[in-house]
4 protein chains.
Amino acid sequence: MVRVVILGQGYVASIFASGLEKIKAGKMEPYGVPLADELPIKIKDIEIVGSYDVDSNKVGKDLYEVVKSYDPDAPESLRGITIRKGVHLGSLRNLPLTPTGLDDEMTLKEAVDHLVNEWKELKPDVFVNVCTTEAFVPFESREELEKAIEENNKERLTATQFYVYAAAKYAKEVGGAAFVNAIPTLIANDPVFVELAKESNLVIFGDDGATGATPLTADILSHLAQRNRYVLDIAQFNIGGNQDFLALTDEERNRSKEFTKSSVVEDLLGYNAPHYIKPTGFLEPLGDKKFIAMHIEYVSFNGAHDELVITGRINDSPALAGLLVDLVRLGKIAIEKKEFGTVYEVNAFYMKNPGPKEARNIPRIIAHEKMRMWAGLKPRWL
Amino acid sequence: MVRVVILGQGYVASIFASGLEKIKAGKMEPYGVPLADELPIKIKDIEIVGSYDVDSNKVGKDLYEVVKSYDPDAPESLRGITIRKGVHLGSLRNLPLTPTGLDDEMTLKEAVDHLVNEWKELKPDVFVNVCTTEAFVPFESREELEKAIEENNKERLTATQFYVYAAAKYAKEVGGAAFVNAIPTLIANDPVFVELAKESNLVIFGDDGATGATPLTADILSHLAQRNRYVLDIAQFNIGGNQDFLALTDEERNRSKEFTKSSVVEDLLGYNAPHYIKPTGFLEPLGDKKFIAMHIEYVSFNGAHDELVITGRINDSPALAGLLVDLVRLGKIAIEKKEFGTVYEVNAFYMKNPGPKEARNIPRIIAHEKMRMWAGLKPRWL
Amino acid sequence: MVRVVILGQGYVASIFASGLEKIKAGKMEPYGVPLADELPIKIKDIEIVGSYDVDSNKVGKDLYEVVKSYDPDAPESLRGITIRKGVHLGSLRNLPLTPTGLDDEMTLKEAVDHLVNEWKELKPDVFVNVCTTEAFVPFESREELEKAIEENNKERLTATQFYVYAAAKYAKEVGGAAFVNAIPTLIANDPVFVELAKESNLVIFGDDGATGATPLTADILSHLAQRNRYVLDIAQFNIGGNQDFLALTDEERNRSKEFTKSSVVEDLLGYNAPHYIKPTGFLEPLGDKKFIAMHIEYVSFNGAHDELVITGRINDSPALAGLLVDLVRLGKIAIEKKEFGTVYEVNAFYMKNPGPKEARNIPRIIAHEKMRMWAGLKPRWL
Amino acid sequence: MVRVVILGQGYVASIFASGLEKIKAGKMEPYGVPLADELPIKIKDIEIVGSYDVDSNKVGKDLYEVVKSYDPDAPESLRGITIRKGVHLGSLRNLPLTPTGLDDEMTLKEAVDHLVNEWKELKPDVFVNVCTTEAFVPFESREELEKAIEENNKERLTATQFYVYAAAKYAKEVGGAAFVNAIPTLIANDPVFVELAKESNLVIFGDDGATGATPLTADILSHLAQRNRYVLDIAQFNIGGNQDFLALTDEERNRSKEFTKSSVVEDLLGYNAPHYIKPTGFLEPLGDKKFIAMHIEYVSFNGAHDELVITGRINDSPALAGLLVDLVRLGKIAIEKKEFGTVYEVNAFYMKNPGPKEARNIPRIIAHEKMRMWAGLKPRWL
């Protein structure tokens with residue numbers, strides 16, 4: 001059994017909840033779940049025990065009602081969980097929502113205690129953080145983090161940073177928990193949080209779930225690197241219509257993507273080929289199914305110039321939701337293995353920006369095999 | 001030093017010769033050569049010592065003149081080798097060329113002896129077979145092969161099959177040689193030839209150099225498989241204007257592509273997703289730079305349908321020519337290691353249809369690492 | 001009121017029937033119908049009064065049941081019409097269907113009389129021919145046509161050719177009718193049939209409904225021609241999973257596409273740029289939504305080389321079905337105007353191979369304006 | 001004879017000069033010149049008589065030297081013209097160039113007189129404005145314009161606005177001239193300048209030469225509109241590596257593109273389909289050959305959803321340079337016809353943002369025919 005608490009009941013969390021229940025009910029194949037039912041912990045062992053949000057239209061509603069607004073085929077088995085109030089800390093700024101949070105009612109210190117108490121009742125093993133992309137500043141020292149909480153400095157912390165802090169406190173009290181950070185805020189890449197996690201029996205997976213065009217780009221660049229083709233330039237566009245793309249039209253939030261290791265290109269090719277890789281725009285009718293376009297130009301043997309163009313329509317939220325079905329189970333396994341702090345073998349396959357800070361990107365196809373071995377499974381092709 | 005004899009001085013062999021000389025002269029980077037100068041045998045150690053063809057416009061000409069017709073920047077250092085007469089055995093049927101071959105002047109048995117004698121003078125380590133794609137029938141038994149030579153049955157054998165037979169005889173006499181089969185004719189996948197090679201101190205690499213869209217498709221399918229995305233269908237087109245595409249407009253020859261393991265899809269996905277993958281057409285102005293287009297549709301988590309489209313302009317001949325720069329050196333290494341017969345570790349990365357017959361496809365990104373280890377190099381990411 | 005008889009109740013005819021009823025019921029916008037409700041004859045004035053097929057699984061069934069197998073949302077208002085038996089004349093050869101036709105039971109002459117009698121009861125204004133693509137031979141003379149009917153030569157005629165003959169007889173008797181030939185069989189381009197139509201008060205529109213990539217290619221080529229860009233080559237692929245693509249895997253049928261004016265390229269560019277334009281393959285899971293890919297390379301000012309690549313997913317049957325909603329009304333208008341024979345102004349916009357035989361292709365954007373003027377509408381932009 | 005003065009000797013002007021000379025010398029076909037040699041004024045009648053720039057690396061150099069830096073095959077016949085000093089008025093802000101201008105040495109009023117005097121010697125018929133894209137503010141009244149010149153307000157005017165003012169003064173004095181504004185600054189769309197032109201015997205063509213993806217998008221949207229397909233959304237990206245793309249990374253300049261009629265979509269479709277159309281990024285190795293990507297989604301008959309994706313590599317400068325070869329001749333024709341002010345028939349085909357202000361976009365294929373008729377040529381297909 002893996003008990004899961006969701007932080008941010010938006011598109012991804014709702015597809016996660018909906019798909020999970022359908023698979024558990026035998027009504028859907030576990031497509032998009034990399035390890036399907038190969039792990040000792042089965043998909044049917046996953047149970048969502050709580051969910052937090054800060055949209056005043058969601059807080060207090062039944063999980064089923066919220067999920068249904070994203071997936072009309074949401075199963076009724078989702079009924080019975082009420083969305084609880086989390087913290088927003090300004091993370092919904094400029095979005096067409098009315099936020100409501102614990103931080104509107106109490107100090108940060110009080111909010112930590114409030115949440116830890118709730119969690120001791122809910123008894124989650126794993127927290128899944130799928131808040132809206134935030135404008136954040138990494139922490140430079142443990143002191144700075146503690147001070148921000150202590151002094152109730154709501155400008156300094158984002159919701160994600162706050163939740164990790166609270167989760168660490170909870171983990172320390174109950175002996176172990178895991179925190180899956182699926183958004184760009186640096187957590188597994190922030191040594192302050194990794195250190196805190198190690199001391200507190202917390203496992204952190206992160207940062208930024210590896211969905212969309214980036215992991216595919218990574219494997220294509222590896223493909224070119226292995227043939228010693230010299231990449232001249234890489235352009236990658238993507239445009240979508242879900243709230244995450246809307247949030248990224250906010251300059252400050254978009255900058256949070258810049259903390260993502262721009263070293264994917266350099267890590268895989270061995271040199272920093274000129275590239276333009278960033279979320280490009282918001283176009284509402286595209287909905288959750290984004291349009292991606294990528295152009296790669298390279299030199300082959302005898303000076304020949306080749307070009308590849310990749311375009312696609314990719315459902316954004318299901319891609320991440322499917323990974324979460326693995327990550328919550330791997331989180332539980334990491335707790336059992338007592339691998340507190342962060343786990344590179346898991347991050348390298350599942351995360352765009354795999355922590356810890358000093359870790360490098362490797363081809364996802366190889367990362368997958370290493371991750372399997374970490375999880376006690378046989379590699380597929382090695 | 002690796003001494004190389006070319007069989008079929010067409011586009012690929014000419015780009016190979018031209019690029020090789022430019023790299024040796026320090027005038028060009030070894031882009032498109034997967035192992036560049038990592039191997040103990042360096043690129044400058046490769047020497048072309050002979051070249052065979054059956055186009056009456058090429059036989060008797062200087063190598064430089066022939067190469068220049070494909071690459072205007074051909075270096076003068078190619079001068080000094082005269083194109084010798086090989087065998088055609090009907091392999092130029094329906095192409096706009098006038099063939100001339102040893103088989104027009106003598107029996108097959110005599111032609112074998114003629115070639116083996118020439119080779120004993122030229123002393124090649126490695127034969128590179130880049131004949132035009134042939135319409136062929138695999139051999140079922142050693143007896144059938146021997147009988148076809150013995151009875152001078154020119155209908156039964158293709159040029160490639162004949163060359164392997166002659167190369168085996170040569171290898172046996174001189175103690176070791178390698179034959180790189182870069183075209184679709186089944187050699188490394190024909191147990192009759194692999195058995196003959198083992199007995200004759202011959203190394204065979206094959207079949208069908210892994211260039212173009214297929215290896216990329218393989219890595220993209222692996223990428224999807226590792227995320228457990230369910231592939232609904234795969235369409236892959238390619239159209240080009242070089243002689244190889246012209247040859248494939250011949251129905252019989254195109255059928256030779258069908259012997260290629262259609263199991264790429266099944267090997268990598270674990271099920272046989274419906275697919276349409278074949279050379280599509282000839283369009284002269286495209287020249288050697290083919291146009292490829294690929295469409296893949298798959299199911300992601302919660303039943304979401306995604307689509308990828310890949311298009312590209314790819315220089316056909318340089319892609320293969322760059323691989324040959326590795327293969328001739330790996331051939332020499334295999335001779336030194338006395339790994340006669342065929343070498344799966346090499347074939348799995350470099351060949352579309354990796355021999356031996358019973359071998360399966362694996363993701364190229366992983367095959368690359370295994371090949372490095374076979375060659376005594378450190379893996380790059382494992 | 002326009003009374004319509006359908007010949008060939010397959011995918012296109014079923015989407016036509018289903019969409020038409022939905023628009024008439026105010027449940028759907030007339031998207032994909034070029035003239036929407038601009039014509040004096042409104043969409044709600046169209047009535048399907050009869051339908052013919054030769055699939056033994058369809059003949060005798062209610063139209064609603066057949067349509068529902070193609071469109072699960074078929075409206076109940078389609079009930080009440082029973083699919084009648086037509087002629088097949090070998091046109092279903094090699095398809096996974098059991099054909100049943102009047103031609104199995106009687107002579108061609110008898111079948112003509114049988115149909116004309118039925119039609120005199122059904123009183124259609126317009127026949128819509130959407131049979132499966134046929135392998136056909138155009139007629140060279142009226143005598144040859146009459147003789148084939150007279151001598152019951154079932155090998156000489158296709159279903160379409162037969163239906164036109166019968167429709168002409170019917171039109172002559174009742175004073176006027178129209179025949180919309182939406183498939184590649186040459187009718188509006190066969191002077192024998194156009195002559196017959198003129199004498200018989202029959203309007204013919206044809207041939208081969210202009211859907212899919214070809215009209216788009218035409219407008220893109222016009223775009224390039226108007227800028228005097230010199231087109232080097234054009235490659236166009238398409239692959240689909242409906243019965244029409246399956247039928248085209250039959251070599252003989254595919255050849256019927258070759259009668260299509262290959263002069264599109266020459267008509268629009270003014271020279272015959274090398275091109276490869278043909279249906280490419282069948283891939284069942286694509287269903288009715290085909291995948292198209294097109295590559296165009298051209299020379300711009302100062303010798304610069306540019307490239308365009310167009311890919312798409314296009315629903316095949318709705319594209320044609322939407323045109324039919326106009327064509328049946330324009331057929332009725334042509335009858336009223338007594339423009340018997342064929343009407344270039346209509347064909348030039350709606351047909352891939354616009355008749356009469358000697359007619360040329362023009363940019364569709366301009367053809368559209370001319371067609372509007374023919375129909376008594378104001379041009380949109382002229 | 002058409003005497004041409006170039007304003008801004010950058011990439012476009014250099015390709016224009018180079019290609020023009022090659023065509024005049026019979027060494028190159030006039031590809032990319034829409035009207036080729038159909039006009040009574042022939043290409044060989046065009047003569048460049050002067051050129052202005054403000055890059056200190058160009059001013060004072062021979063035209064041949066400057067052109068050669070953009071086109072290594074520049075013909076020697078370009079020798080003999082010295083690049084003169086123009087005005088910059090801050091238009092090179094943030095670009096890696098050292099500007100030098102008349103405005104650094106004298107008042108605006110003095111600079112007008114200086115230029116008019118030079119021009120009275122050079123005797124140009126047509127000015128071609130191909131300055132770098134500027135951050136500008138349109139003029140609201142003639143007074144504001146006159147005052148800015150009078151008061152030497154260098155912050156208020158851009159180089160283009162200044163040049164038009166000077167050209168009007170020159171035209172008035174000599175009895176007629178034409179000004180081709182190929183950049184986005186509103187001139188033909190600014191009633192103040194059109195009024196000034198009318199009074200001063202000046203012809204203005206503008207604004208923003210219709211190259212790249214936009215005119216193609218226009219024709220594709222027209223194609224969809226004519227079939228009554230309902231466009232759901234349009235995304236269009238483009239990325240390039242020339243100075244124009246670099247300039248557009250400057251937020252202020254990029255905004256100048258926003259003055260472009262965003263009504264292309266609405267004008268052609270009849271409704272304002274959601275769209276994202278803007279220059280996307282700068283990627284240096286792409287050079288002058290930009291990468292474009294476009295995605296269009298629409299509803300066809302019976303509610304079917306179709307998708308088109310267009311990608312391409314397009315040489316940016318030659319596309320515009322080819323149009324200029326027509327525009328300078330059409331400018332001369334307009335002078336002869338005394339059509340002072342601006343000419344919609346010319347702008348509608350050649351300009352992205354066709355003036356005058358209130359003019360609407362029409363399909364380019366139709367605009368082309370209207371333009372031909374204006375120029376006294378027979379339409380091609382009407």
# chains A, B, ... in the order shown; residues from 1 in each chain; ligands from 1
call {"tool": "residues_around", "arguments": {"residues": "Ala167 in chain A", "least_positions_apart": "4", "cutoff": "8 Å", "atoms": "only C-alpha atoms", "output": "JSON, numbers by chain"}}
result
{"A": [116, 127, 163, 171, 177, 179, 202]}
call {"tool": "closest_atom_pairs", "arguments": {"of": "chain B", "to": "chain A", "cutoff": "6 Å", "atoms": "only C-alpha atoms", "output": "Markdown table"}}
result
| residue | atom | partner | partner_atom | distance |
| --- | --- | --- | --- | --- |
| B:Gly19 | CA | A:Asn302 | CA | 4.6 |
| B:Tyr31 | CA | A:Phe301 | CA | 5.1 |
| B:Gly32 | CA | A:Phe301 | CA | 4.3 |
| B:Val33 | CA | A:Asn228 | CA | 5.7 |
| B:Pro34 | CA | A:Arg227 | CA | 4.0 |
| B:Gln226 | CA | A:Pro34 | CA | 5.8 |
| B:Arg227 | CA | A:Pro34 | CA | 4.0 |
| B:Asn228 | CA | A:Pro34 | CA | 4.8 |
| B:Arg229 | CA | A:Gly32 | CA | 4.7 |
| B:Ser300 | CA | A:Gly32 | CA | 4.5 |
| B:Phe301 | CA | A:Gly32 | CA | 4.3 |
| B:Asn302 | CA | A:Gly19 | CA | 4.7 |
| B:Asp306 | CA | A:Ile314 | CA | 4.9 |
| B:Glu307 | CA | A:Arg313 | CA | 5.3 |
| B:Leu308 | CA | A:Gly312 | CA | 4.3 |
| B:Val309 | CA | A:Thr311 | CA | 5.2 |
| B:Ile310 | CA | A:Ile310 | CA | 4.4 |
| B:Thr311 | CA | A:Val309 | CA | 5.2 |
| B:Gly312 | CA | A:Leu308 | CA | 4.3 |
| B:Arg313 | CA | A:Glu307 | CA | 5.3 |
| B:Ile314 | CA | A:Asp306 | CA | 4.9 |
| B:Pro318 | CA | A:Phe301 | CA | 5.0 |
| B:Gly322 | CA | A:Phe301 | CA | 5.2 |
call {"tool": "write_last_selection", "arguments": {"atoms": "N, CA and C atoms", "output": "compact mmCIF listing (two decimals), in the first residue's frame"}}
result
# COMPACT_ATOMS: atom_id res chain seq x y z
N GLY B 19 36.12 11.42 -48.28
CA GLY B 19 36.13 11.91 -46.90
C GLY B 19 37.32 11.35 -46.13
N TYR B 31 33.55 13.99 -38.58
CA TYR B 31 32.13 13.95 -38.23
C TYR B 31 31.45 12.81 -38.98
N GLY B 32 30.50 12.18 -38.33
CA GLY B 32 29.80 11.07 -38.95
C GLY B 32 30.54 9.74 -38.81
N VAL B 33 31.71 9.77 -38.18
CA VAL B 33 32.45 8.53 -37.88
C VAL B 33 32.25 8.26 -36.39
N PRO B 34 31.40 7.30 -36.04
CA PRO B 34 30.99 7.17 -34.63
C PRO B 34 32.17 7.13 -33.65
N GLN B 226 9.95 2.44 -23.44
CA GLN B 226 10.38 2.61 -22.06
C GLN B 226 9.38 3.40 -21.23
N ARG B 227 8.51 4.12 -21.88
CA ARG B 227 7.46 4.86 -21.16
C ARG B 227 6.13 4.11 -21.23
N ASN B 228 6.20 2.90 -21.77
CA ASN B 228 5.01 2.04 -21.89
C ASN B 228 3.88 2.75 -22.64
N ARG B 229 4.25 3.54 -23.63
CA ARG B 229 3.23 4.14 -24.48
C ARG B 229 2.89 3.12 -25.55
N SER B 300 -1.11 7.27 -24.62
CA SER B 300 -0.41 7.62 -23.39
C SER B 300 -1.34 7.31 -22.20
N PHE B 301 -1.02 7.84 -21.06
CA PHE B 301 -1.80 7.57 -19.84
C PHE B 301 -3.25 8.05 -19.96
N ASN B 302 -4.12 7.35 -19.31
CA ASN B 302 -5.54 7.71 -19.26
C ASN B 302 -6.17 7.75 -20.66
N ASP B 306 -1.49 10.58 -28.65
CA ASP B 306 -0.45 11.52 -29.05
C ASP B 306 0.04 11.18 -30.46
N GLU B 307 0.64 12.16 -31.11
CA GLU B 307 1.18 11.95 -32.44
C GLU B 307 2.53 12.60 -32.59
N LEU B 308 3.44 11.93 -33.25
CA LEU B 308 4.73 12.50 -33.61
C LEU B 308 4.92 12.43 -35.11
N VAL B 309 5.46 13.48 -35.69
CA VAL B 309 5.80 13.48 -37.11
C VAL B 309 7.25 13.89 -37.24
N ILE B 310 8.01 13.12 -37.95
CA ILE B 310 9.42 13.45 -38.15
C ILE B 310 9.68 13.55 -39.64
N THR B 311 10.23 14.66 -40.06
CA THR B 311 10.63 14.78 -41.46
C THR B 311 12.09 15.18 -41.48
N GLY B 312 12.73 14.99 -42.60
CA GLY B 312 14.13 15.37 -42.66
C GLY B 312 14.71 15.28 -44.04
N ARG B 313 15.79 15.98 -44.22
CA ARG B 313 16.62 15.83 -45.42
C ARG B 313 17.93 15.22 -44.96
N ILE B 314 18.23 14.05 -45.46
CA ILE B 314 19.39 13.29 -44.99
C ILE B 314 20.26 12.91 -46.17
N PRO B 318 26.89 9.83 -47.41
CA PRO B 318 27.81 10.15 -46.31
C PRO B 318 27.45 9.41 -45.02
N GLY B 322 30.46 7.20 -43.46
CA GLY B 322 31.06 7.46 -42.15
C GLY B 322 31.13 6.20 -41.30
call {"tool": "select_by_dssp", "arguments": {"residues": "range 104-269 of chain A", "states": "helix (DSSP H, G or I)", "output": "ChimeraX atom specification"}}
result
/A:104,108-122,142-150,159-174,191-199,213-226,243-248,251-258,264-269
call {"tool": "write_last_selection", "arguments": {"atoms": "C-alpha atoms", "output": "short mmCIF file (atom, residue, chain, number, x, y, z; two decimals), in the first residue's frame"}}
result
data_model
loop_
_atom_site.label_atom_id
_atom_site.label_comp_id
_atom_site.auth_asym_id
_atom_site.auth_seq_id
_atom_site.Cartn_x
_atom_site.Cartn_y
_atom_site.Cartn_z
CA ASP A 104 -4.25 34.02 4.54
CA LEU A 108 3.80 30.12 8.20
CA LYS A 109 4.90 28.47 11.40
CA GLU A 110 1.31 27.83 12.36
CA ALA A 111 0.57 26.54 8.86
CA VAL A 112 3.41 24.01 9.14
CA ASP A 113 1.98 22.71 12.39
CA HIS A 114 -1.52 22.67 10.95
CA LEU A 115 -0.44 20.57 7.99
CA VAL A 116 1.78 18.20 9.95
CA ASN A 117 -1.15 17.52 12.24
CA GLU A 118 -3.47 16.85 9.33
CA TRP A 119 -0.88 14.55 7.75
CA LYS A 120 -0.40 12.59 10.94
CA GLU A 121 -4.06 11.70 10.60
CA LEU A 122 -3.93 11.04 6.81
CA ARG A 142 19.52 26.35 5.83
CA GLU A 143 19.50 29.43 8.02
CA GLU A 144 17.85 31.51 5.33
CA LEU A 145 15.11 28.91 4.99
CA GLU A 146 14.50 28.61 8.72
CA LYS A 147 14.53 32.37 9.07
CA ALA A 148 11.91 32.85 6.33
CA ILE A 149 9.55 30.46 8.14
CA GLU A 150 10.35 31.89 11.54
CA ALA A 159 4.26 27.02 -1.95
CA THR A 160 6.52 24.16 -3.04
CA GLN A 161 9.39 25.22 -0.82
CA PHE A 162 6.98 25.55 2.06
CA TYR A 163 5.43 22.12 1.46
CA VAL A 164 8.86 20.43 1.39
CA TYR A 165 9.71 22.07 4.68
CA ALA A 166 6.47 20.82 6.23
CA ALA A 167 6.89 17.35 4.69
CA ALA A 168 10.39 17.11 6.19
CA LYS A 169 8.98 17.89 9.62
CA TYR A 170 6.29 15.26 9.14
CA ALA A 171 8.80 12.66 7.89
CA LYS A 172 11.02 13.22 10.88
CA GLU A 173 8.13 12.69 13.25
CA VAL A 174 6.72 9.57 11.60
CA PRO A 191 21.43 21.37 -1.55
CA VAL A 192 19.62 23.08 1.33
CA PHE A 193 16.53 20.91 0.79
CA VAL A 194 18.47 17.73 0.06
CA GLU A 195 20.41 18.20 3.30
CA LEU A 196 17.20 18.86 5.23
CA ALA A 197 15.66 15.73 3.69
CA LYS A 198 18.59 13.53 4.69
CA GLU A 199 18.31 14.65 8.30
CA ALA A 213 9.70 17.28 -26.05
CA THR A 214 12.74 17.46 -23.80
CA PRO A 215 13.32 13.75 -23.07
CA LEU A 216 12.74 12.98 -26.74
CA THR A 217 15.23 15.68 -27.70
CA ALA A 218 17.65 14.11 -25.24
CA ASP A 219 17.41 10.72 -26.90
CA ILE A 220 17.70 12.20 -30.37
CA LEU A 221 20.78 14.18 -29.36
CA SER A 222 22.26 10.99 -27.89
CA HIS A 223 21.52 9.26 -31.18
CA LEU A 224 23.46 11.96 -33.05
CA ALA A 225 26.28 12.04 -30.52
CA GLN A 226 26.84 8.30 -30.84
CA GLN A 243 -3.01 26.68 -17.28
CA ASP A 244 0.65 25.80 -17.22
CA PHE A 245 1.22 27.55 -20.55
CA LEU A 246 -0.86 30.48 -19.38
CA ALA A 247 1.27 30.69 -16.24
CA LEU A 248 4.42 30.74 -18.37
CA GLU A 251 7.81 36.58 -17.48
CA GLU A 252 8.85 35.88 -13.91
CA ARG A 253 7.52 32.35 -13.92
CA ASN A 254 9.06 31.63 -17.29
CA ARG A 255 12.38 32.57 -15.77
CA SER A 256 11.95 29.71 -13.31
CA LYS A 257 12.43 27.41 -16.27
CA GLU A 258 15.84 28.98 -16.74
CA VAL A 264 21.18 18.86 -21.41
CA VAL A 265 22.70 19.80 -24.73
CA GLU A 266 26.24 19.93 -23.42
CA ASP A 267 25.90 16.84 -21.24
CA LEU A 268 24.78 14.70 -24.15
CA LEU A 269 26.75 16.14 -27.05
#
call {"tool": "select_by_dssp", "arguments": {"residues": "range 131-362 of chain C", "states": "strand (DSSP E)", "output": "PyMOL selection string"}}
result
chain C and resi 177-181+202-205+230-240+275-277+281-282+289-299+305-315+341-342
call {"tool": "atom_distance", "arguments": {"atom1": "CA of Ala178 in chain B", "atom2": "CA of Pro75 in chain B"}}
result
26.8 Å
call {"tool": "residues_around", "arguments": {"residues": "Asp250 in chain D", "least_positions_apart": "5", "cutoff": "10 Å", "atoms": "only C-alpha atoms", "output": "PyMOL selection string"}}
result
chain D and resi 93-95+134-135+245+255
call {"tool": "atom_distance", "arguments": {"atom1": "CA of Trp374 in chain B", "atom2": "CA of Asp208 in chain B"}}
result
20.4 Å
call {"tool": "residues_around", "arguments": {"residues": "Ala359 in chain C", "least_positions_apart": "6", "cutoff": "12 Å", "atoms": "only C-alpha atoms", "output": "mmCIF file with N, CA and C atoms, in the first residue's frame"}}
result
data_model
loop_
_atom_site.group_PDB
_atom_site.id
_atom_site.type_symbol
_atom_site.label_atom_id
_atom_site.label_comp_id
_atom_site.auth_asym_id
_atom_site.auth_seq_id
_atom_site.Cartn_x
_atom_site.Cartn_y
_atom_site.Cartn_z
ATOM 1 N N ALA C 188 -16.677 13.039 -66.836
ATOM 2 C CA ALA C 188 -16.686 14.408 -67.365
ATOM 3 C C ALA C 188 -15.492 14.634 -68.292
ATOM 4 N N ASN C 189 -14.499 13.783 -68.188
ATOM 5 C CA ASN C 189 -13.325 13.877 -69.049
ATOM 6 C C ASN C 189 -13.374 12.897 -70.217
ATOM 7 N N ASP C 190 -14.474 12.145 -70.337
ATOM 8 C CA ASP C 190 -14.602 11.216 -71.457
ATOM 9 C C ASP C 190 -15.620 11.826 -72.435
ATOM 10 N N PRO C 191 -15.142 12.311 -73.600
ATOM 11 C CA PRO C 191 -16.038 13.001 -74.535
ATOM 12 C C PRO C 191 -17.263 12.159 -74.898
ATOM 13 N N GLY C 206 -17.608 16.378 -62.747
ATOM 14 C CA GLY C 206 -16.553 15.396 -62.466
ATOM 15 C C GLY C 206 -15.216 15.872 -62.993
ATOM 16 N N ASP C 207 -14.134 15.116 -62.772
ATOM 17 C CA ASP C 207 -14.156 13.808 -62.132
ATOM 18 C C ASP C 207 -13.259 13.846 -60.900
ATOM 19 N N LYS C 261 -5.414 14.039 -64.627
ATOM 20 C CA LYS C 261 -4.513 14.987 -65.279
ATOM 21 C C LYS C 261 -3.253 15.140 -64.445
ATOM 22 N N SER C 263 -1.301 16.934 -65.233
ATOM 23 C CA SER C 263 -0.929 18.265 -65.676
ATOM 24 C C SER C 263 -1.198 19.327 -64.614
ATOM 25 N N VAL C 264 -1.674 18.960 -63.426
ATOM 26 C CA VAL C 264 -1.843 19.970 -62.376
ATOM 27 C C VAL C 264 -0.564 20.778 -62.249
ATOM 28 N N ASP C 267 0.049 22.780 -65.481
ATOM 29 C CA ASP C 267 -0.950 23.840 -65.668
ATOM 30 C C ASP C 267 -0.673 25.033 -64.767
ATOM 31 N N THR C 342 -21.238 19.028 -69.484
ATOM 32 C CA THR C 342 -20.533 19.248 -68.213
ATOM 33 C C THR C 342 -20.267 20.739 -68.021
ATOM 34 N N VAL C 343 -19.973 21.161 -66.794
ATOM 35 C CA VAL C 343 -19.844 22.576 -66.450
ATOM 36 C C VAL C 343 -18.457 22.836 -65.855
ATOM 37 N N TYR C 344 -17.580 23.386 -66.657
ATOM 38 C CA TYR C 344 -16.203 23.599 -66.205
ATOM 39 C C TYR C 344 -16.124 24.457 -64.953
ATOM 40 N N GLU C 345 -16.935 25.493 -64.863
ATOM 41 C CA GLU C 345 -16.877 26.407 -63.715
ATOM 42 C C GLU C 345 -17.090 25.668 -62.391
ATOM 43 N N ASN C 347 -16.662 22.185 -62.065
ATOM 44 C CA ASN C 347 -15.606 21.176 -61.965
ATOM 45 C C ASN C 347 -14.274 21.774 -61.521
ATOM 46 N N ALA C 348 -13.958 22.958 -62.002
ATOM 47 C CA ALA C 348 -12.631 23.550 -61.754
ATOM 48 C C ALA C 348 -12.367 23.760 -60.270
ATOM 49 N N MET C 351 -13.393 19.532 -58.431
ATOM 50 C CA MET C 351 -12.888 18.262 -58.925
ATOM 51 C C MET C 351 -11.372 18.242 -59.095
ATOM 52 N N LYS C 352 -10.779 17.099 -58.796
ATOM 53 C CA LYS C 352 -9.340 16.941 -58.957
ATOM 54 C C LYS C 352 -8.970 16.959 -60.423
ATOM 55 N N ASN C 353 -9.839 16.410 -61.216
ATOM 56 C CA ASN C 353 -9.580 16.226 -62.635
ATOM 57 C C ASN C 353 -10.749 16.866 -63.392
#
call {"tool": "closest_residue", "arguments": {"among": "A:Ile83, A:Leu157, A:Cys131, A:Ile183", "to": "Asp103 in chain A", "atoms": "only C-alpha atoms"}}
result
A:Leu157
